[in-house]
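Here's input-v6.tsv, which has TSV, C-alpha atoms and all ligand atoms:
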chain	number	residue	atom	x	y	z
A	18	MET	CA	130.49	99.90	104.55
A	19	THR	CA	128.71	97.44	106.81
A	20	PHE	CA	125.88	95.45	105.28
A	21	VAL	CA	122.80	96.70	107.19
A	22	ILE	CA	119.17	95.64	106.77
A	23	THR	CA	116.32	97.53	108.48
A	24	ILE	CA	112.77	96.27	108.97
A	25	ASP	CA	110.09	98.65	110.20
A	26	GLY	CA	106.36	98.26	110.58
A	27	PRO	CA	103.44	98.06	113.01
A	28	ALA	CA	103.00	95.50	115.78
A	29	GLY	CA	102.32	91.90	114.80
A	30	ALA	CA	103.10	92.37	111.09
A	31	GLY	CA	105.83	89.72	111.05
A	32	LYS	CA	108.95	91.91	111.35
A	33	GLY	CA	110.51	89.71	114.00
A	34	THR	CA	109.85	86.50	112.06
A	35	LEU	CA	111.41	87.96	108.90
A	36	ALA	CA	114.33	89.49	110.85
A	37	ARG	CA	115.19	86.14	112.46
A	38	ALA	CA	114.96	84.28	109.15
A	39	LEU	CA	117.16	86.82	107.35
A	40	SER	CA	119.67	86.88	110.19
A	41	HIS	CA	120.12	83.11	109.79
A	42	HIS	CA	120.17	83.22	106.02
A	43	TYR	CA	122.82	85.97	105.77
A	44	ASP	CA	124.63	85.51	109.12
A	45	LEU	CA	123.62	88.89	110.44
A	46	ALA	CA	123.64	90.10	114.06
A	47	LEU	CA	120.05	90.96	115.00
A	48	LEU	CA	118.81	93.81	117.18
A	49	ASP	CA	115.10	93.87	118.06
A	50	THR	CA	114.94	97.59	118.92
A	51	GLY	CA	111.48	97.23	120.49
A	52	LEU	CA	113.14	95.43	123.40
A	53	LEU	CA	114.88	98.68	124.37
A	54	TYR	CA	111.56	100.49	124.82
A	55	ARG	CA	109.93	97.47	126.45
A	56	SER	CA	112.72	97.24	128.99
A	57	ILE	CA	112.51	100.95	129.86
A	58	GLY	CA	108.72	100.66	130.27
A	59	VAL	CA	108.95	97.60	132.52
A	60	GLN	CA	111.72	99.07	134.66
A	61	ALA	CA	109.73	102.29	135.08
A	62	LEU	CA	106.60	100.37	136.16
A	63	GLU	CA	108.69	98.37	138.61
A	64	ALA	CA	110.29	101.48	140.12
A	65	GLY	CA	106.99	103.37	140.29
A	66	ILE	CA	108.23	105.99	137.81
A	67	PRO	CA	105.33	107.68	136.00
A	68	LEU	CA	105.28	106.84	132.29
A	69	ASP	CA	105.25	110.53	131.45
A	70	ASP	CA	108.34	111.50	133.48
A	71	GLU	CA	110.70	112.10	130.55
A	72	THR	CA	113.75	112.89	132.69
A	73	GLN	CA	113.57	109.79	134.86
A	74	LEU	CA	112.72	107.60	131.86
A	75	SER	CA	115.75	108.90	129.99
A	76	ARG	CA	117.91	108.07	133.01
A	77	ILE	CA	116.79	104.44	132.70
A	78	ALA	CA	117.50	104.60	128.96
A	79	HIS	CA	121.08	105.79	129.61
A	80	THR	CA	121.80	102.89	131.95
A	81	LEU	CA	120.25	100.02	129.90
A	82	ALA	CA	122.45	96.93	129.93
A	83	PRO	CA	122.29	93.81	127.70
A	84	LYS	CA	120.81	91.75	130.56
A	85	ASP	CA	117.83	94.17	130.69
A	86	LEU	CA	116.85	93.03	127.19
A	87	MET	CA	116.67	89.40	128.26
A	88	ARG	CA	114.07	89.71	130.99
A	89	PRO	CA	111.23	87.20	130.61
A	90	ASP	CA	108.49	89.80	131.25
A	91	LEU	CA	109.06	92.06	128.23
A	92	ARG	CA	106.16	90.67	126.17
A	93	THR	CA	103.26	91.14	128.59
A	94	HIS	CA	100.26	93.35	127.94
A	95	GLU	CA	101.66	95.88	130.44
A	96	ALA	CA	105.02	95.93	128.65
A	97	ASN	CA	103.30	96.49	125.26
A	98	ASP	CA	101.42	99.45	126.61
A	99	ALA	CA	104.31	100.96	128.61
A	100	SER	CA	106.79	100.61	125.71
A	101	SER	CA	104.81	102.77	123.32
A	102	LYS	CA	104.16	105.34	126.07
A	103	VAL	CA	107.84	105.80	126.92
A	104	ALA	CA	108.78	105.75	123.21
A	105	VAL	CA	107.12	109.11	122.52
A	106	PHE	CA	109.80	111.08	124.40
A	107	HIS	CA	112.71	112.82	122.68
A	108	LYS	CA	115.17	112.32	125.57
A	109	VAL	CA	114.41	108.61	125.73
A	110	ARG	CA	114.93	108.11	122.00
A	111	GLU	CA	118.04	110.27	121.99
A	112	ALA	CA	119.57	108.18	124.79
A	113	LEU	CA	119.14	105.02	122.68
A	114	LEU	CA	120.35	106.43	119.38
A	115	ASN	CA	124.11	105.88	119.67
A	116	PHE	CA	123.79	102.36	120.98
A	117	GLN	CA	121.60	101.38	118.00
A	118	ARG	CA	123.85	103.12	115.45
A	119	GLU	CA	127.01	101.58	116.90
A	120	PHE	CA	125.39	98.14	116.86
A	121	ALA	CA	124.41	98.64	113.21
A	122	LYS	CA	127.92	99.74	112.15
A	123	ASN	CA	129.93	97.18	114.14
A	124	PRO	CA	128.64	93.63	113.91
A	125	PRO	CA	130.19	91.29	116.53
A	126	ALA	CA	133.02	89.08	115.20
A	127	GLY	CA	131.80	86.30	112.94
A	128	PHE	CA	128.76	88.16	111.56
A	129	GLN	CA	128.51	89.43	107.97
A	130	GLY	CA	126.48	92.51	108.90
A	131	THR	CA	123.53	93.60	111.01
A	132	ILE	CA	119.76	93.63	110.92
A	133	LEU	CA	117.57	95.91	113.01
A	134	ASP	CA	113.80	95.80	113.38
A	135	GLY	CA	111.51	98.38	114.90
A	136	ARG	CA	109.60	101.53	113.95
A	137	ASP	CA	112.32	104.02	112.92
A	138	THR	CA	115.32	101.87	112.02
A	139	GLY	CA	115.27	102.79	108.31
A	140	THR	CA	114.11	106.39	108.74
A	141	VAL	CA	116.11	107.65	111.76
A	142	ILE	CA	118.59	105.07	113.07
A	143	CYS	CA	120.12	103.89	109.80
A	144	PRO	CA	118.94	106.12	106.95
A	145	ASP	CA	121.88	104.77	104.86
A	146	ALA	CA	121.06	101.08	105.40
A	147	THR	CA	121.90	98.77	102.49
A	148	VAL	CA	118.34	97.38	102.26
A	149	LYS	CA	115.12	98.55	103.93
A	150	PHE	CA	111.81	96.79	104.39
A	151	PHE	CA	108.44	98.02	105.59
A	152	VAL	CA	106.41	95.05	106.79
A	153	THR	CA	102.71	95.47	107.36
A	154	ALA	CA	99.40	93.55	107.43
A	155	GLN	CA	95.71	94.26	108.08
A	156	VAL	CA	95.19	95.07	111.73
A	157	GLU	CA	92.59	92.29	112.25
A	158	ILE	CA	95.05	89.73	110.94
A	159	ARG	CA	97.85	91.10	113.12
A	160	ALA	CA	95.60	90.90	116.17
A	161	GLU	CA	94.65	87.30	115.35
A	162	ARG	CA	98.32	86.34	115.07
A	163	ARG	CA	99.13	88.06	118.36
A	164	LEU	CA	96.19	86.29	120.05
A	165	LYS	CA	97.49	82.90	118.88
A	166	GLU	CA	101.00	83.77	120.11
A	167	LEU	CA	99.66	84.72	123.55
A	168	GLN	CA	97.51	81.59	123.77
A	169	ALA	CA	100.48	79.43	122.77
A	170	ARG	CA	102.35	80.93	125.71
A	171	GLY	CA	99.46	80.05	128.02
A	172	ILE	CA	98.35	83.69	128.45
A	173	LYS	CA	94.54	83.96	128.47
A	174	SER	CA	93.43	86.76	126.15
A	175	ILE	CA	90.40	87.78	124.14
A	176	TYR	CA	90.47	88.89	120.52
A	177	SER	CA	88.62	92.18	121.03
A	178	SER	CA	91.04	93.45	123.65
A	179	VAL	CA	94.13	92.34	121.69
A	180	LEU	CA	92.71	94.19	118.66
A	181	GLN	CA	91.95	97.29	120.72
A	182	ASP	CA	95.46	97.34	122.24
A	183	MET	CA	96.97	97.03	118.81
A	184	ILE	CA	94.90	99.87	117.35
A	185	GLU	CA	95.86	102.13	120.27
A	186	ARG	CA	99.56	101.26	120.01
A	187	ASP	CA	99.60	101.77	116.21
A	188	LEU	CA	98.00	105.18	116.66
A	189	ARG	CA	100.50	106.24	119.34
A	190	ASP	CA	103.44	104.99	117.26
A	191	SER	CA	102.35	106.65	114.01
A	192	GLN	CA	101.04	109.94	115.39
A	193	ARG	CA	103.85	110.88	117.77
A	194	SER	CA	106.09	113.78	116.76
A	195	GLU	CA	109.38	111.96	117.60
A	196	ALA	CA	110.39	109.41	114.96
A	197	PRO	CA	106.84	108.33	114.06
A	198	LEU	CA	106.25	105.00	112.34
A	199	ARG	CA	106.67	105.67	108.60
A	200	SER	CA	107.71	103.62	105.63
A	201	PRO	CA	111.19	104.74	104.52
A	202	GLU	CA	110.99	106.12	100.97
A	203	ASP	CA	113.44	103.57	99.62
A	204	ALA	CA	111.93	100.56	101.42
A	205	LEU	CA	110.23	97.56	99.87
A	206	THR	CA	106.77	97.21	101.42
A	207	LEU	CA	105.74	93.65	102.20
A	208	ASP	CA	102.07	93.18	103.09
A	209	THR	CA	102.08	89.86	104.91
A	210	SER	CA	98.25	89.61	105.30
A	211	THR	CA	97.94	86.69	102.91
A	212	LEU	CA	101.54	85.44	102.80
A	213	THR	CA	103.24	82.63	104.71
A	214	PRO	CA	106.52	83.42	106.50
A	215	GLU	CA	108.34	81.41	103.80
A	216	GLU	CA	106.75	83.49	101.02
A	217	VAL	CA	107.72	86.72	102.81
A	218	LEU	CA	111.30	85.47	103.20
A	219	LYS	CA	111.51	84.57	99.52
A	220	LYS	CA	110.38	88.04	98.43
A	221	ALA	CA	112.78	89.68	100.87
A	222	ILE	CA	115.75	87.64	99.64
A	223	ALA	CA	114.91	88.43	96.00
A	224	PHE	CA	114.91	92.17	96.85
A	225	ILE	CA	118.18	91.95	98.80
A	226	GLU	CA	119.91	90.15	95.94
A	227	MET	CA	118.80	92.91	93.57
A	228	ARG	CA	120.09	95.65	95.86
A	229	ARG	CA	123.52	94.48	96.92
B	1	LIG	O1	108.47	96.10	118.14
B	1	LIG	P1	107.79	96.07	119.49
B	1	LIG	O2	106.33	95.80	119.42
B	1	LIG	O3	108.49	95.19	120.48
B	1	LIG	O4	107.96	97.57	120.05
B	1	LIG	C1	107.39	97.98	121.26
B	1	LIG	C2	107.15	99.48	121.20
B	1	LIG	O5	108.42	100.15	121.21
B	1	LIG	C3	106.45	99.98	119.95
B	1	LIG	O6	105.04	99.96	120.07
B	1	LIG	C4	106.99	101.39	119.81
B	1	LIG	O7	106.24	102.31	120.58
B	1	LIG	C5	108.37	101.32	120.42
B	1	LIG	N1	109.42	101.27	119.40
B	1	LIG	C6	109.84	102.46	118.84
B	1	LIG	N2	110.88	102.47	117.96
B	1	LIG	C7	111.48	101.34	117.61
B	1	LIG	C8	111.05	100.10	118.15
B	1	LIG	C9	109.99	100.09	119.03
B	1	LIG	O8	109.29	103.51	119.15
B	1	LIG	N3	112.52	101.39	116.75

Whole structure, structure tokens version:
Amino acid sequence: MTFVITIDGPAGAGKGTLARALSHHYDLALLDTGLLYRSIGVQALEAGIPLDDETQLSRIAHTLAPKDLMRPDLRTHEANDASSKVAVFHKVREALLNFQREFAKNPPAGFQGTILDGRDTGTVICPDATVKFFVTAQVEIRAERRLKELQARGIKSIYSSVLQDMIERDLRDSQRSEAPLRSPEDALTLDTSTLTPEEVLKKAIAFIEMRR
């Protein structure tokens, strides 16, 4: 069976940072599943498709291509908001399911396995993953990190609106009926509020070595 790691958790908790570090450490192919929803949201905004038109949104989902995940505008405030709006729909999620499962099962040549990060990778996409993590942190700390990230990219932002956006997105992601954000039962929870990325990585590696 393919070696698969899943990392789920709310926005800004450090999933991406941990996923990248683990992918280097273990030579794993990485899929940031949030990019799929971001790309659908951005394409819908561009085409003037309402963010509640499930049928048209699922059409975009069915035609997603790798180049759509590399657009430079997938991390804007508009993309954040649109991604979690399109992610509530069953047909959209269904259209993305096979792609994610196939990626997880079949790492490209040269990789030792796969790592997926998102909201439902350990609960819905890969319930049989080798190792699962749930990465979280206090919302104020996550908002501060996101603010710094935005400022580093030259995007003017204020803390209160970043915090508000994050609270709204967390609510939408955890209260939706389709694949809500949950910690998988067999996941190790890592609260990164007071940990450095290196400390998080060390704990994650210790858990992986115990499990495989
Ligand atoms: O992880 P990221 O913040 O890029 O995800 C953007 C949005 O995509 C999330 O807020 C969530 O609504 C949606 N998402 C999801 N399931 C995933 C990954 C992301 O619903 N596996």

Neighbours of A:Pro83 within 12 Å (all atoms listed in the file; same-chain residues fewer than 3 positions away dropped), as a list in words?
->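 The contact residues come out as Leu48, Leu52, Leu53, Ser56, Ala78, Thr80, Leu86, Met87, Arg88 and Phe116 of chain A.
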
Pick out the closest residue to A:Ala121 from this set: A:Ile225, A:Ala64, A:Leu47, A:Leu218. Count all atoms listed in the file.
->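 For A:Ala121, the nearest of the given residues is A:Leu47.
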
Could you list, as a ChimeraX atom specification, all the residues within 6 Å of ligand LIG 1 (chain B), counting all atoms listed in the file?
-> /A:28,50-52,54-55,97,100-101,104,135-138,186,190

Around (125.5, 95.9, 99.2) in the file's own coordinates, what residues are found within 12 Å if you use only C-alpha atoms, given back as a PyMOL selection string?
-> chain A and resi 18-22+129-130+145-149+224-229

Find the residues near stretch 150-162 of chain A: any atom within 9 Å, counting all atoms listed in the file, skip ones fewer than 2 places away on the same chain, and give them as a PyMOL selection string.
-> chain A and resi 22-32+35+139+148+164-167+176-177+179-184+199-201+203-211+221

By how many Å are atom CA of A:Lys122 and atom CA of A:Ala46 apart?
->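 About the pair atom CA of A:Lys122 and atom CA of A:Ala46: they are 10.7 Å apart.
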
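Taking atom CA of A:Asp90 and atom CA of A:Gly58 as the two end points, the separation is 10.9 Å.
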
Could you jot down the atom CA of A:Leu198 to atom CA of A:Arg110 separation for me, Å, one decimal place?
->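 Going from atom CA of A:Leu198 over to atom CA of A:Arg110, I get 13.4 Å.
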
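Minimum atom-to-atom distance to A:Asp187, evaluated using all atoms listed in the file, belongs to A:Lys102 out of A:His107, A:Lys102, A:Lys220, A:His79.
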
Distance criterion (all atoms listed in the file): nearest to A:Arg189 out of A:Pro125, A:Val109, A:Leu114, A:Val103 = A:Val103

Which one is closest to A:Glu95: A:Asp134, A:Glu63, A:Glu216, A:Glu202? Count all atoms listed in the file.
->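 Residue with the minimum atom-to-atom distance to A:Glu95: A:Glu63.
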
Go through A:His41, A:Thr93, A:Val105, A:Arg163 one by one, measure the shortest atom-to-atom distance of each to A:Ser191 using only C-alpha atoms, and give the residue with the smallest value.
-> A:Val105

So which one's closest to A:Glu195, A:His42, A:Arg76, A:Lys84, A:Lys108? Using only C-alpha atoms, please.
->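 That would be A:Lys108, the residue with the smallest distance to A:Glu195.
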
Just need the box for stretch 194-209 of chain A, edges along x, y and z, holding every atom the file lists for it with 3 Å tacked onto each side, so centre and edge lengths in Å to one decimal, as lines of an AutoDock Vina configuration file.
center_x = 107.8
center_y = 101.8
center_z = 108.6
size_x = 17.4
size_y = 29.9
size_z = 24.0

Contacts of A:Asp70 at 10 Å (all atoms listed in the file; same-chain gap of 3+ positions) as a count of residues only | 8
